[in-house]
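Below: one structure, written as C-alpha cells.
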Amino acid sequence: MAVSPLFWKGRKVLLTGHTGFKGGWLALWLRQLGADVHGFALPPVTTPSLWQVAQLDQQIPGEFADIRDAARLSAALQSFQPELVLHLAAQPLVRESYRTPAETYATNVMGTINLLEAIRATDSVRAVLVITTDKCYENREWPWPYREQDALGGFDPYSSSKACVELLCASYRDSFLRAAGVALATARAGNVLGGGDWSPERLIPDVFGAWQQGREVLLRYPHATRPWQHVLDPLMGYLQLAQGLLSDPDRYAAAWNFGPDSAGLATVETVVGHLAQLWPGAARWSISADAQPHEAGLLALESSKARQSLGWAPRWSLEATLKHTLDWQLAWQGGRNMADVTCAQIAAHQGDIQ
C-alpha cells in the first residue's frame, strides 16, 4: 500500500500537534500530497522550531489552542468538518513527565478523550489515527521485541499516560466509534530522528547544540538501546495506515507497531559515535556521573504486522538516518531555505529503495 497522492488530494484532514517536530514533518508531507490540512496545537515551544524555519506558518492553516480545552477542540472539528483526524498533540518527553506528571496525564489522556468526544459529535469524521509510543509497553528489559498484543504499562508518567491512551482508544472503539462508522487505530513508533527537532533533553538536539557551540556533550544514558529511525519512516506508516482505515476499516482499526529492523537498534553512545565521525569539526562527549531518572534500558518493536498487512518497511538505515539528519542541520546552519530542504528530503525518502 504505497502512499498515494490520488488518495490524499483534496481530503480534509485535522492534524493535532502540527507545530511539533513530527507534526511539522507530517503537515508538510500532507500538503505535498495535496491534502486539505487544518492544524490544532499549542504554539511552538522552542525557538527556533521546525514550524518557523521551514515556513510552515505560511503554508498550514490552523489554530493555536490546547487539546485540554474541550469546547475549543469541539468547535474546531465542527467548523472544519474533517473526514480524517490525525492526533499527534501530546506532552512527549519522559523527563518532563517526572517534573509535571499531572499536566502530562491531563494533556495525553484527557486531551485524547476530549478529541474522541468531539469526533463522536462530528458526523463528517470517518477515521482517526492516534499516535502513542513504543514506550507504552510494560518494559521487562528482555531481548525480544514487543508485539501489539503484549502487555501495556509504563514506569514513568509519560509512558504510563500513553499506555492509558491505548486502553481508552480500545474502549472508545468498541463502545462507541465502530458502531458509529468511525475507524480508530493507534500507532506505536520508536525513537525518531530528523532535522528540525529542538526539543529539550533529547539526544540529537543536545548533541548538535553542544557541538555547534564547541562544547562537550554530556550523555545521561549512554548504554540505553533504542529503535532509532528517521521521522519519515513512521510517518510513511501513519499515512499508509490512514489510507487503510478509510478503505477497509474492519481490517485496519487496531494497534500497530512501526519500528526499525534489528540494524536500527543501537546504544546512545553508538549513535553519538556515528555522528561524531560525520560532524565537520570537533565532536566531544563524556558520560554523566549524576543519578538520572529511570528510563528503559532496552526497547525494541516487532513490526511484522505493518510489514505484511501494509507493505510498510523502513527506507533509511541508521547510517542514512544520521546522515540525513546531519545534512538538514548543516543546511539550516548554512542559511538554506529549509522549506525546500525539508521537502527535498521527503521526496528523496519516497524515491529511495534502501
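Labels used: A, B, ... for chains in the order of the C-alpha cells, numbers from 1 for residues in each chain, and numbers from 1 for ligands as shown.
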
(request) Tell me, as a PyMOL selection string, which residues lie within 9 Å of range 253-259 of chain A, counting only C-alpha atoms; anything in the same chain fewer than 4 positions away does not count. (result) chain A and resi 127+129+133-134+146-149+166+170+173+178+183-191+227-229+233-234+237-238+241+244-245+248-249+264+300-307+312-314

File dump, residues just selected, C-alpha atoms, as a short mmCIF file (atom, residue, chain, number, x, y, z; two decimals), in the first residue's frame:
```cif
data_model
loop_
_atom_site.label_atom_id
_atom_site.label_comp_id
_atom_site.auth_asym_id
_atom_site.auth_seq_id
_atom_site.Cartn_x
_atom_site.Cartn_y
_atom_site.Cartn_z
CA ALA A 127 -11.43 7.67 10.69
CA LEU A 129 -5.38 7.69 13.96
CA THR A 133 4.74 5.44 21.51
CA ASP A 134 6.85 2.30 21.79
CA TYR A 146 7.37 -6.12 21.76
CA ARG A 147 4.32 -7.15 19.74
CA GLU A 148 0.98 -5.36 19.57
CA GLN A 149 -0.67 -7.94 21.84
CA GLU A 166 -4.04 2.91 24.20
CA ALA A 170 -9.64 0.48 22.54
CA ARG A 173 -13.51 1.96 19.50
CA ARG A 178 -17.20 1.26 15.49
CA ALA A 183 -12.49 3.61 12.30
CA LEU A 184 -9.92 4.18 15.06
CA ALA A 185 -6.33 2.92 15.08
CA THR A 186 -3.30 3.61 17.26
CA ALA A 187 0.31 3.71 16.10
CA ARG A 188 3.40 2.99 18.19
CA ALA A 189 6.82 4.06 16.90
CA GLY A 190 10.33 4.16 18.30
CA ASN A 191 12.82 6.97 18.79
CA PRO A 227 14.99 1.51 17.98
CA TRP A 228 16.26 4.56 16.09
CA GLN A 229 14.57 5.60 12.84
CA ASP A 233 9.74 6.16 8.21
CA PRO A 234 6.96 6.01 10.83
CA GLY A 237 3.44 4.12 8.06
CA TYR A 238 0.89 6.52 9.53
CA LEU A 241 -2.44 3.10 7.87
CA GLY A 244 -6.25 1.54 5.16
CA LEU A 245 -8.63 2.88 7.79
CA ASP A 248 -11.08 -1.27 4.92
CA PRO A 249 -11.90 -0.17 8.50
CA GLY A 264 18.27 0.12 13.72
CA ALA A 300 12.54 -2.80 20.53
CA LEU A 301 9.38 -3.23 18.45
CA GLU A 302 8.13 -6.16 16.38
CA SER A 303 6.61 -4.66 13.23
CA SER A 304 5.73 -7.76 11.21
CA LYS A 305 2.05 -6.83 11.13
CA ALA A 306 2.74 -3.49 9.43
CA ARG A 307 5.20 -5.11 7.04
CA TRP A 312 5.48 -0.91 5.22
CA ALA A 313 9.22 -1.09 5.83
CA PRO A 314 11.80 1.47 6.91
#
```

(message) Give me the residues near His230 in chain A as a list in words, where near means some atom within 9 Å (using only C-alpha atoms) and where sequence neighbours in that chain fewer than 6 positions away do not count.
(response)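 Counting only C-alpha atoms, the residues come to Asn191, Val192, Leu193, Gly194, Pro314, Arg315, Trp316, Ser317, Leu318, Ala320, Thr321, Leu322, His324 and Thr325 of chain A.
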
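Proximity of A:Leu232, A:Ile113, A:Ala283, A:Leu275 to Pro260 in chain A, computed with only C-alpha atoms, is greatest for A:Leu232.
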
(message) Using only C-alpha atoms, can you tell me which of A:Leu14, A:Leu28, A:Val231, A:Leu115 comes closest to Val341 in chain A?
(response) A:Leu28

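Closest approach to Leu239 in chain A among A:Ile131, A:Ser124, A:Asp66, A:Ser74: A:Ile131, based on only C-alpha atoms.
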
(message) Would you pick out the contacts of Met338 in chain A at 9 Å or less, using only C-alpha atoms, so that residues sharing its chain but fewer than 5 positions from it are not included, and give the list as a list in words?
(response)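 Once the nearby chain positions are removed, what remains is Leu50, Val53, Ala54, Gln55, Trp328, Ala331, Trp332 and Cys343 of chain A.
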
For the residues selected in the previous step, produce a file with C-alpha atoms as a tab-separated table (two decimals), in the first residue's frame.
```
chain	number	residue	atom	x	y	z
A	50	LEU	CA	10.61	23.45	12.57
A	53	VAL	CA	12.37	27.68	9.96
A	54	ALA	CA	10.51	25.52	7.40
A	55	GLN	CA	7.93	28.32	6.98
A	328	TRP	CA	19.42	19.06	7.48
A	331	ALA	CA	21.77	23.25	5.79
A	332	TRP	CA	19.99	25.23	8.49
A	343	CYS	CA	10.51	18.92	1.01
```

(request) Could you check which of A:Val130, A:Gly10, A:Gly311, A:Pro143 is closest to Met236 in chain A, using only C-alpha atoms? (result) A:Gly311

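Nearest to Thr19 in chain A of all the residues A:Ala41, A:Leu168, A:Leu84, A:Val128 is A:Ala41, counting only C-alpha atoms.
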